[in-house]
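This report concerns only the one structure given below.
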Amino acid sequence: MKVDVLLGLQWGDEGKGKIVDVLTPKYDIIGRFQGGPNAGHTLEFNGIKHVLHTIPSGIFHDNKINVVGNGVVIDPVIFKKEIDALIKLNVDVKSKLILSKRAHLILPTHRLLDAASEAAKGSNKIGSTLKGIGPTYMDKTGRNGLRVGDIDSPNFKAKYDALVEKHKQLLNFYNYQYNLEELEPAFFEGIEVLKSLKRIESEHYINDALNNNKAILAEGAQGSLLDIDFGSYPFVTSSNTICAGACTGLGIAPNKIGNVIGIFKAYCTRVGSGPFPTELNDEVGEQIRKSGNEFGSTTGRPRRTGWLDLPALKYAIMINGVTELMMMKADVLSDFKTIKICTHYNYQGKKIDYLPFDYSPELLSPFYTEVKGWHKDLTELNSPDQMPKELNDYIAFIEKETGVPISIVSVGPDRTQTLIRKGVKAATV
Ligand code: GDP
Ligand code: IMO
Ligand code: MG
């Protein structure tokens with residue numbers, strides 16, 4: 001067996017959580033491979049709306065194992081809250097969730113450092129979720145970090161204190177005011193919760209499972225355009241959000257990757273700072289934000305909105321080796337008579353069809369193709385045969401431009417509002 005990878009192709013919030021939940025019945029194991037509580041993955045079913053931050057989106061299904069891989073960074077405080085919320089919903093978290101001992105821990109001082117660093121950047125701020133992601137990955141690559149496997153060590157508190165001491169010096173450098181004593185009790189309560197969960201060498205677990213023909217789905221967080229290497233640096237997150245991140249974040253060899261499922265919205269959104277070529281700062285953008293309820297699942301911030309950007313989508317497909325696409329939130333565009341799709345850019349006076357190194361608005365502007373909208377409520381559709389012609393045309397246009405089949409069209413947030421295009425050449429549906 002091989003590991004299928006599901007990831008976001010834009011700037012995050014594409015609807016990964018919903019689709020992982022929809023696909024989980026086909027898999028035995030769901031594994032998160034990077035990011036941390038900067039993610040907010042929303043699932044809706046049976047009238048329940050639930051947002052997961054660190055826990056994989058397969059957790060609501062019975063007899064499935066959810067692995068938090070070594071590439072993930074865990075904030076014990078947020079993790080405890082997530083677990084408490086699941087227990088309230090009678091989810092048997094302890095039997096379904098396992099953690100890699102190699103996953104790094106987000107300390108309260110990492111969160112403080114994130115806030116201090118952002119404040120110091122002023123108008124150049126990244127727009128971080130302030131969950132301590134950047135400072136934690138910095139300590140990981142700087143070889144200073146604390147890992148889940150350290151919590152059993154008799155020296156854990158001493159290691160914690162030594163790292164906090166370093167962080168205090170940095171916080172002094174930033175001249176940042178804080179009260180750590182207020183934050184620490186919740187952190188150590190969270191550590192006790194981690195101790196109550198199964199902690200393993202998940203790379204062995206995953207590879208043994210593969211050898212035993214178990215079906216595994218790797219769940220990405222953020223989006224390809226927020227990748228530390230290939231995103232719009234420095235306005236990115238601090239991990240490899242792309243398919244390669246599944247190898248390093250779960251311990252899977254590249255030749256064990258199977259299908260690569262790319263999730264994208266029928267338009268684009270971005271939360272936080274950084275370039276966004278098709279951004280709409282007008283009433284059209286406002287309408288998309290309103291119909292799509294485009295407010296952050298983690299921070300509640302309004303998301304920036306814009307038309308679908310094909311050069312950016314093609315870039316993400318290339319970097320990830322996407323074998324199959326899934327288009328989300330088609331219902332949100334139902335009110336528009338016409339819909340625009342960016343096919344090229346004007347880059348310093350030249351027409352190009354690829355995403356360049358720097359796509360700041362002063363260098364680049366989009367060329368659009370305008371297509372007819374479907375002007376029909378899609379939320380009640382229950383088969384792709386009922387899709388209006390204009391939506392089929394929109395899909396055919398994207399498939400032709402990208403060369404990748406679209407296997408699912410999502411028409412609402414609920415699990416059931418998912419149109420599976422059985423006729424297309426796709427492996428996972
Ligand atoms: P993720 O981070 O990729 O898992 O995405 P988020 O959960 O942050 O954001 C996606 C939002 O869109 C959530 O509020 C979902 O409930 C919602 N959503 C997902 N698919 C659809 C869809 O097809 N239509 C609509 N209207 N909402 C959707
Ligand atoms: P999911 O998994 C959308 C954005 C932040 C900011 C930048 C860096 O729900 O799709 P960080 O906190 O990582 O230092 O923030 O990345 N960002 C996300 N945007 N969805 C996410 O996750 C995001 N995680 C981080 O807004 O611009
Ligand atoms: Mg999200």
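Naming scheme: A, B, ... for chains in displayed order of the structure tokens; residues 1 onward per chain; ligands 1 onward as shown.
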Residue neighbourhood Gly47 (chain A), 12 Å, only C-alpha atoms, exclusion window fewer than 6 positions, as a PyMOL selection string: chain A and resi 413-416
Find the residues near ligand 1. Use a cut-off of 8 Å, count only C-alpha atoms and all ligand atoms, and write them as a VMD selection string. chain A and resid 8 12 to 19 39 to 44 49 51 221 to 223 263 291 to 298 327 to 332 379 409 to 414 417 to 418
List every residue of region 184-404 of chain A that DSSP, applied to the backbone, labels as strand (DSSP E), and write the result as a ChimeraX atom specification. /A:198-200,216-219,257-265,268-270,304-306,308-309,324-328,338-347,350-352,364-372
Excluding Ile216 (chain A) and any residue of its chain fewer than 2 positions from it, enumerate the residues within 9 Å of it, using only C-alpha atoms, and give them as a JSON list (two decimals) with N, CA, C and O atoms, in the first residue's frame.
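Output file selection.json is given in full below:
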[["chain", "number", "residue", "atom", "x", "y", "z"],
["A", 1, "MET", "N", 0.83, -1.21, 0.00],
["A", 1, "MET", "CA", 0.00, 0.00, 0.00],
["A", 1, "MET", "C", 0.87, 1.26, 0.00],
["A", 1, "MET", "O", 2.02, 1.23, 0.41],
["A", 2, "LYS", "N", 0.26, 2.34, -0.45],
["A", 2, "LYS", "CA", 0.95, 3.63, -0.45],
["A", 2, "LYS", "C", 0.14, 4.63, 0.37],
["A", 2, "LYS", "O", -1.03, 4.39, 0.66],
["A", 3, "VAL", "N", 0.77, 5.71, 0.70],
["A", 3, "VAL", "CA", 0.09, 6.75, 1.49],
["A", 3, "VAL", "C", -0.49, 7.80, 0.54],
["A", 3, "VAL", "O", 0.25, 8.37, -0.27],
["A", 4, "ASP", "N", -1.77, 8.05, 0.64],
["A", 4, "ASP", "CA", -2.35, 9.16, -0.11],
["A", 4, "ASP", "C", -2.15, 10.44, 0.70],
["A", 4, "ASP", "O", -2.20, 10.42, 1.94],
["A", 5, "VAL", "N", -1.93, 11.53, -0.02],
["A", 5, "VAL", "CA", -1.70, 12.81, 0.67],
["A", 5, "VAL", "C", -2.77, 13.79, 0.22],
["A", 5, "VAL", "O", -3.04, 13.92, -0.97],
["A", 26, "LYS", "N", -12.66, 5.42, 3.85],
["A", 26, "LYS", "CA", -11.84, 4.62, 2.93],
["A", 26, "LYS", "C", -10.46, 4.28, 3.50],
["A", 26, "LYS", "O", -9.69, 3.57, 2.87],
["A", 27, "TYR", "N", -10.12, 4.86, 4.64],
["A", 27, "TYR", "CA", -8.76, 4.70, 5.18],
["A", 27, "TYR", "C", -8.79, 4.07, 6.57],
["A", 27, "TYR", "O", -9.82, 4.09, 7.26],
["A", 28, "ASP", "N", -7.64, 3.53, 6.99],
["A", 28, "ASP", "CA", -7.51, 2.99, 8.35],
["A", 28, "ASP", "C", -6.85, 4.00, 9.28],
["A", 28, "ASP", "O", -7.11, 4.02, 10.48],
["A", 29, "ILE", "N", -5.97, 4.81, 8.70],
["A", 29, "ILE", "CA", -5.18, 5.74, 9.52],
["A", 29, "ILE", "C", -5.15, 7.11, 8.85],
["A", 29, "ILE", "O", -4.97, 7.20, 7.62],
["A", 30, "ILE", "N", -5.35, 8.15, 9.65],
["A", 30, "ILE", "CA", -5.22, 9.53, 9.16],
["A", 30, "ILE", "C", -4.05, 10.15, 9.93],
["A", 30, "ILE", "O", -4.02, 10.08, 11.16],
["A", 31, "GLY", "N", -3.11, 10.77, 9.23],
["A", 31, "GLY", "CA", -1.95, 11.34, 9.92],
["A", 31, "GLY", "C", -1.73, 12.80, 9.56],
["A", 31, "GLY", "O", -1.67, 13.14, 8.37],
["A", 206, "ILE", "N", 3.70, 3.75, 11.19],
["A", 206, "ILE", "CA", 3.17, 4.02, 9.85],
["A", 206, "ILE", "C", 3.74, 3.01, 8.84],
["A", 206, "ILE", "O", 3.01, 2.46, 8.02],
["A", 209, "ALA", "N", 2.27, -0.37, 9.35],
["A", 209, "ALA", "CA", 0.89, -0.37, 8.85],
["A", 209, "ALA", "C", 0.88, -0.52, 7.34],
["A", 209, "ALA", "O", 0.07, -1.28, 6.78],
["A", 210, "LEU", "N", 1.79, 0.18, 6.68],
["A", 210, "LEU", "CA", 1.88, 0.06, 5.21],
["A", 210, "LEU", "C", 2.20, -1.38, 4.81],
["A", 210, "LEU", "O", 1.59, -1.93, 3.90],
["A", 214, "LYS", "N", -2.45, -1.53, 5.34],
["A", 214, "LYS", "CA", -3.41, -0.54, 5.87],
["A", 214, "LYS", "C", -3.44, 0.66, 4.93],
["A", 214, "LYS", "O", -2.41, 1.03, 4.34],
["A", 218, "ALA", "N", -2.57, 11.07, 4.56],
["A", 218, "ALA", "CA", -1.83, 12.14, 5.25],
["A", 218, "ALA", "C", -2.58, 13.45, 5.05],
["A", 218, "ALA", "O", -2.92, 13.81, 3.92]]
Between A:Leu7, A:Ile395, A:Ile83, A:Val371, single out the one closest to ligand 3, counting only C-alpha atoms and all ligand atoms. A:Leu7
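Using only C-alpha atoms, the smallest distance between any of A:Lys337, A:Lys157, A:Arg147, A:Lys422 and Ala103 (chain A) comes from A:Arg147.
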Please return as a PyMOL selection string: the residues of region 171-366 of chain A that backbone DSSP assigns to alpha helix (DSSP H). chain A and resi 171-174+180-195+202-211+243-250+283-291+310-320
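Across the structure, CA of Lys256 (chain A) and CA of Asn211 (chain A) are spaced 10.6 Å apart.
Shortest separation to Val148 (chain A) among A:Ile352, A:Leu197, A:Lys290, A:Val271 occurs at residue A:Leu197, atoms counted being only C-alpha atoms.
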Determine, counting only C-alpha atoms, which protein, DNA and RNA residues have an atom within 10 Å of an atom of region 91-95 of chain A; residues of the same chain fewer than 5 positions away are not included. Present the result as an NGL selection string. :A and (55 or 59-66 or 83-86 or 196-198)
Serialized selection, all heavy atoms, as a compact mmCIF listing (two decimals), in the first residue's frame:
# COMPACT_ATOMS: atom_id res chain seq x y z
N ILE A 55 -5.54 17.93 16.02
CA ILE A 55 -5.98 16.54 15.91
C ILE A 55 -6.45 16.26 14.48
O ILE A 55 -7.18 17.08 13.90
CB ILE A 55 -7.10 16.29 16.96
CG1 ILE A 55 -6.49 16.42 18.36
CG2 ILE A 55 -7.77 14.94 16.75
CD1 ILE A 55 -7.47 16.31 19.50
N ILE A 59 -11.00 11.92 13.34
CA ILE A 59 -11.24 11.54 14.74
C ILE A 59 -12.71 11.19 15.03
O ILE A 59 -13.00 10.49 15.99
CB ILE A 59 -10.74 12.68 15.69
CG1 ILE A 59 -10.60 12.18 17.13
CG2 ILE A 59 -11.61 13.92 15.63
CD1 ILE A 59 -9.42 11.32 17.38
N PHE A 60 -13.64 11.66 14.21
CA PHE A 60 -15.05 11.38 14.50
C PHE A 60 -15.51 10.01 14.01
O PHE A 60 -16.61 9.60 14.30
CB PHE A 60 -15.94 12.47 13.91
CG PHE A 60 -15.87 13.75 14.69
CD1 PHE A 60 -15.09 14.81 14.26
CD2 PHE A 60 -16.55 13.87 15.90
CE1 PHE A 60 -15.00 15.97 15.00
CE2 PHE A 60 -16.47 15.04 16.65
CZ PHE A 60 -15.69 16.10 16.20
N HIS A 61 -14.66 9.33 13.26
CA HIS A 61 -15.05 8.01 12.75
C HIS A 61 -14.56 6.92 13.69
O HIS A 61 -13.46 7.02 14.24
CB HIS A 61 -14.46 7.80 11.35
CG HIS A 61 -15.05 8.73 10.33
ND1 HIS A 61 -16.07 8.36 9.49
CD2 HIS A 61 -14.79 10.03 10.05
CE1 HIS A 61 -16.39 9.39 8.71
NE2 HIS A 61 -15.63 10.41 9.03
N ASP A 62 -15.36 5.85 13.81
CA ASP A 62 -14.96 4.75 14.68
C ASP A 62 -13.94 3.86 13.97
O ASP A 62 -13.92 3.80 12.74
CB ASP A 62 -16.18 3.92 15.08
CG ASP A 62 -17.06 4.72 16.04
OD1 ASP A 62 -16.51 5.61 16.73
OD2 ASP A 62 -18.28 4.49 16.05
N ASN A 63 -13.16 3.18 14.78
CA ASN A 63 -12.18 2.20 14.27
C ASN A 63 -11.15 2.80 13.30
O ASN A 63 -10.70 2.13 12.39
CB ASN A 63 -12.88 1.02 13.59
CG ASN A 63 -13.90 0.40 14.51
OD1 ASN A 63 -13.59 0.20 15.70
ND2 ASN A 63 -15.09 0.14 14.02
N LYS A 64 -10.84 4.06 13.47
CA LYS A 64 -9.79 4.69 12.66
C LYS A 64 -8.75 5.25 13.63
O LYS A 64 -9.10 5.75 14.70
CB LYS A 64 -10.34 5.85 11.82
CG LYS A 64 -11.57 5.49 11.01
CD LYS A 64 -11.24 4.58 9.85
CE LYS A 64 -12.53 4.09 9.18
NZ LYS A 64 -12.27 3.16 8.10
N ILE A 65 -7.49 5.17 13.22
CA ILE A 65 -6.43 5.71 14.08
C ILE A 65 -5.98 7.06 13.52
O ILE A 65 -5.80 7.21 12.30
CB ILE A 65 -5.23 4.74 14.15
CG1 ILE A 65 -5.66 3.42 14.80
CG2 ILE A 65 -4.06 5.35 14.90
CD1 ILE A 65 -6.10 3.51 16.24
N ASN A 66 -5.82 8.02 14.40
CA ASN A 66 -5.39 9.36 14.03
C ASN A 66 -4.00 9.61 14.62
O ASN A 66 -3.84 9.55 15.84
CB ASN A 66 -6.38 10.39 14.55
CG ASN A 66 -7.71 10.30 13.82
OD1 ASN A 66 -7.96 11.02 12.87
ND2 ASN A 66 -8.57 9.36 14.23
N ILE A 83 -9.10 18.14 23.13
CA ILE A 83 -9.48 16.82 23.63
C ILE A 83 -10.72 16.93 24.52
O ILE A 83 -11.66 16.14 24.39
CB ILE A 83 -8.28 16.18 24.35
CG1 ILE A 83 -7.29 15.76 23.28
CG2 ILE A 83 -8.70 15.01 25.23
CD1 ILE A 83 -6.01 15.22 23.78
N ASP A 84 -10.74 17.94 25.38
CA ASP A 84 -11.91 18.13 26.26
C ASP A 84 -13.18 18.30 25.42
O ASP A 84 -14.23 17.73 25.74
CB ASP A 84 -11.73 19.36 27.16
CG ASP A 84 -10.66 19.10 28.24
OD1 ASP A 84 -10.27 17.93 28.41
OD2 ASP A 84 -10.21 20.08 28.87
N ALA A 85 -13.08 19.08 24.35
CA ALA A 85 -14.26 19.32 23.50
C ALA A 85 -14.72 18.02 22.84
O ALA A 85 -15.92 17.77 22.70
CB ALA A 85 -13.95 20.38 22.44
N LEU A 86 -13.76 17.17 22.45
CA LEU A 86 -14.13 15.90 21.80
C LEU A 86 -14.74 14.93 22.81
O LEU A 86 -15.71 14.22 22.49
CB LEU A 86 -12.90 15.28 21.14
CG LEU A 86 -12.41 15.99 19.88
CD1 LEU A 86 -11.03 15.48 19.47
CD2 LEU A 86 -13.39 15.80 18.73
N SER A 196 -1.27 11.11 29.25
CA SER A 196 -2.36 10.11 29.31
C SER A 196 -2.64 9.50 27.94
O SER A 196 -3.45 8.59 27.81
CB SER A 196 -3.63 10.77 29.86
OG SER A 196 -4.18 11.62 28.87
N LEU A 197 -1.97 10.01 26.91
CA LEU A 197 -2.22 9.50 25.55
C LEU A 197 -1.08 8.58 25.10
O LEU A 197 0.02 8.63 25.65
CB LEU A 197 -2.34 10.68 24.58
CG LEU A 197 -3.52 11.60 24.82
CD1 LEU A 197 -3.40 12.85 23.96
CD2 LEU A 197 -4.84 10.89 24.52
N LYS A 198 -1.39 7.79 24.06
CA LYS A 198 -0.38 6.88 23.51
C LYS A 198 0.68 7.69 22.77
O LYS A 198 0.35 8.47 21.87
CB LYS A 198 -1.06 5.93 22.52
CG LYS A 198 -0.83 4.47 22.84
CD LYS A 198 -1.55 3.60 21.83
CE LYS A 198 -2.89 3.13 22.36
NZ LYS A 198 -3.78 2.60 21.35
With only C-alpha atoms as the atoms that count, which of A:Val22, A:Leu225, A:Met138, A:Ile257 lies nearest to Gly274 (chain A)? A:Leu225
Near Ile228 (chain A), counting only C-alpha atoms, which residues have an atom at most 7 Å away, once you skip same-chain residues fewer than 2 positions from it, shown as a PyMOL selection string? chain A and resi 226+230-231+233+236-240
The selected residues should be written to file as an mmCIF file, in the first residue's frame (atoms: N, CA and C atoms).
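The resulting selection_22.cif:
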data_model
loop_
_atom_site.group_PDB
_atom_site.id
_atom_site.type_symbol
_atom_site.label_atom_id
_atom_site.label_comp_id
_atom_site.auth_asym_id
_atom_site.auth_seq_id
_atom_site.Cartn_x
_atom_site.Cartn_y
_atom_site.Cartn_z
ATOM 1 N N LEU A 226 1.635 28.875 1.284
ATOM 2 C CA LEU A 226 2.172 29.307 2.577
ATOM 3 C C LEU A 226 3.392 28.473 2.954
ATOM 4 N N PHE A 230 8.293 27.351 -0.850
ATOM 5 C CA PHE A 230 7.661 27.712 -2.125
ATOM 6 C C PHE A 230 6.522 28.713 -1.981
ATOM 7 N N GLY A 231 6.238 29.141 -0.764
ATOM 8 C CA GLY A 231 5.193 30.136 -0.546
ATOM 9 C C GLY A 231 5.725 31.536 -0.796
ATOM 10 N N TYR A 233 7.253 33.922 0.508
ATOM 11 C CA TYR A 233 8.181 34.262 1.582
ATOM 12 C C TYR A 233 8.418 35.771 1.643
ATOM 13 N N VAL A 236 4.672 33.548 4.980
ATOM 14 C CA VAL A 236 4.427 32.109 4.906
ATOM 15 C C VAL A 236 4.358 31.557 6.328
ATOM 16 N N THR A 237 4.097 30.282 6.432
ATOM 17 C CA THR A 237 4.219 29.647 7.732
ATOM 18 C C THR A 237 5.623 29.025 7.820
ATOM 19 N N SER A 238 5.916 28.303 8.886
ATOM 20 C CA SER A 238 7.307 27.881 9.106
ATOM 21 C C SER A 238 7.537 26.401 8.836
ATOM 22 N N SER A 239 6.634 25.768 8.073
ATOM 23 C CA SER A 239 6.843 24.342 7.779
ATOM 24 C C SER A 239 6.661 24.087 6.288
ATOM 25 N N ASN A 240 7.051 22.902 5.857
ATOM 26 C CA ASN A 240 6.787 22.471 4.477
ATOM 27 C C ASN A 240 5.381 21.910 4.410
#
I'd like the neighbourhood of Gly36 (chain A) as a list in words, where a residue qualifies if any of its atoms comes within 9 Å (using only C-alpha atoms), though same-chain residues fewer than 4 positions away should be ignored. His53, Thr54, Ile55, Val72, Val73, Ile74, Asp75, Ile106, Lys131, Ile133 and Ala221 of chain A
For the selection you just gave me, I'd like the residues written to a file as a PDB file, in the first residue's frame, keeping C-alpha atoms.
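The resulting again-v8.pdb:
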ATOM      1  CA  HIS A  53      -6.537  22.459  15.280  1.00  0.00           C
ATOM      2  CA  THR A  54      -3.961  19.734  15.896  1.00  0.00           C
ATOM      3  CA  ILE A  55      -5.984  16.540  15.912  1.00  0.00           C
ATOM      4  CA  VAL A  72       3.615  18.677  13.833  1.00  0.00           C
ATOM      5  CA  VAL A  73       4.137  21.196  16.652  1.00  0.00           C
ATOM      6  CA  ILE A  74       1.829  20.691  19.624  1.00  0.00           C
ATOM      7  CA  ASP A  75       0.656  23.291  22.107  1.00  0.00           C
ATOM      8  CA  ILE A 106       5.011  24.804  21.760  1.00  0.00           C
ATOM      9  CA  LYS A 131       0.185  30.393  18.146  1.00  0.00           C
ATOM     10  CA  ILE A 133       4.522  28.307  15.291  1.00  0.00           C
ATOM     11  CA  ALA A 221      -2.405  21.887   7.072  1.00  0.00           C
TER      12      ALA A 221
END
Spatial neighbours of region 303-306 of chain A, 9 Å, only C-alpha atoms, chain gap at least 4 places, as a VMD selection string: chain A and resid 267 to 272 276 to 281 284 to 286 288 to 289 293 to 296
Hey, which of A:Leu250, A:Arg32, A:Thr299, A:Tyr345 ends up closest to ligand 3? Count only C-alpha atoms and all ligand atoms. A:Thr299
I'd like the interatomic distance between CA of Cys243 (chain A) and CA of Glu399 (chain A), to a tenth of an Å. 20.5 Å
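The space separating CA of Ala312 (chain A) from CA of Asp21 (chain A) comes to 26.2 Å.
Shortest separation to ligand 3 among A:Gly71, A:Gly145, A:Gly220, A:Gly423 occurs at residue A:Gly220, atoms counted being only C-alpha atoms and all ligand atoms.
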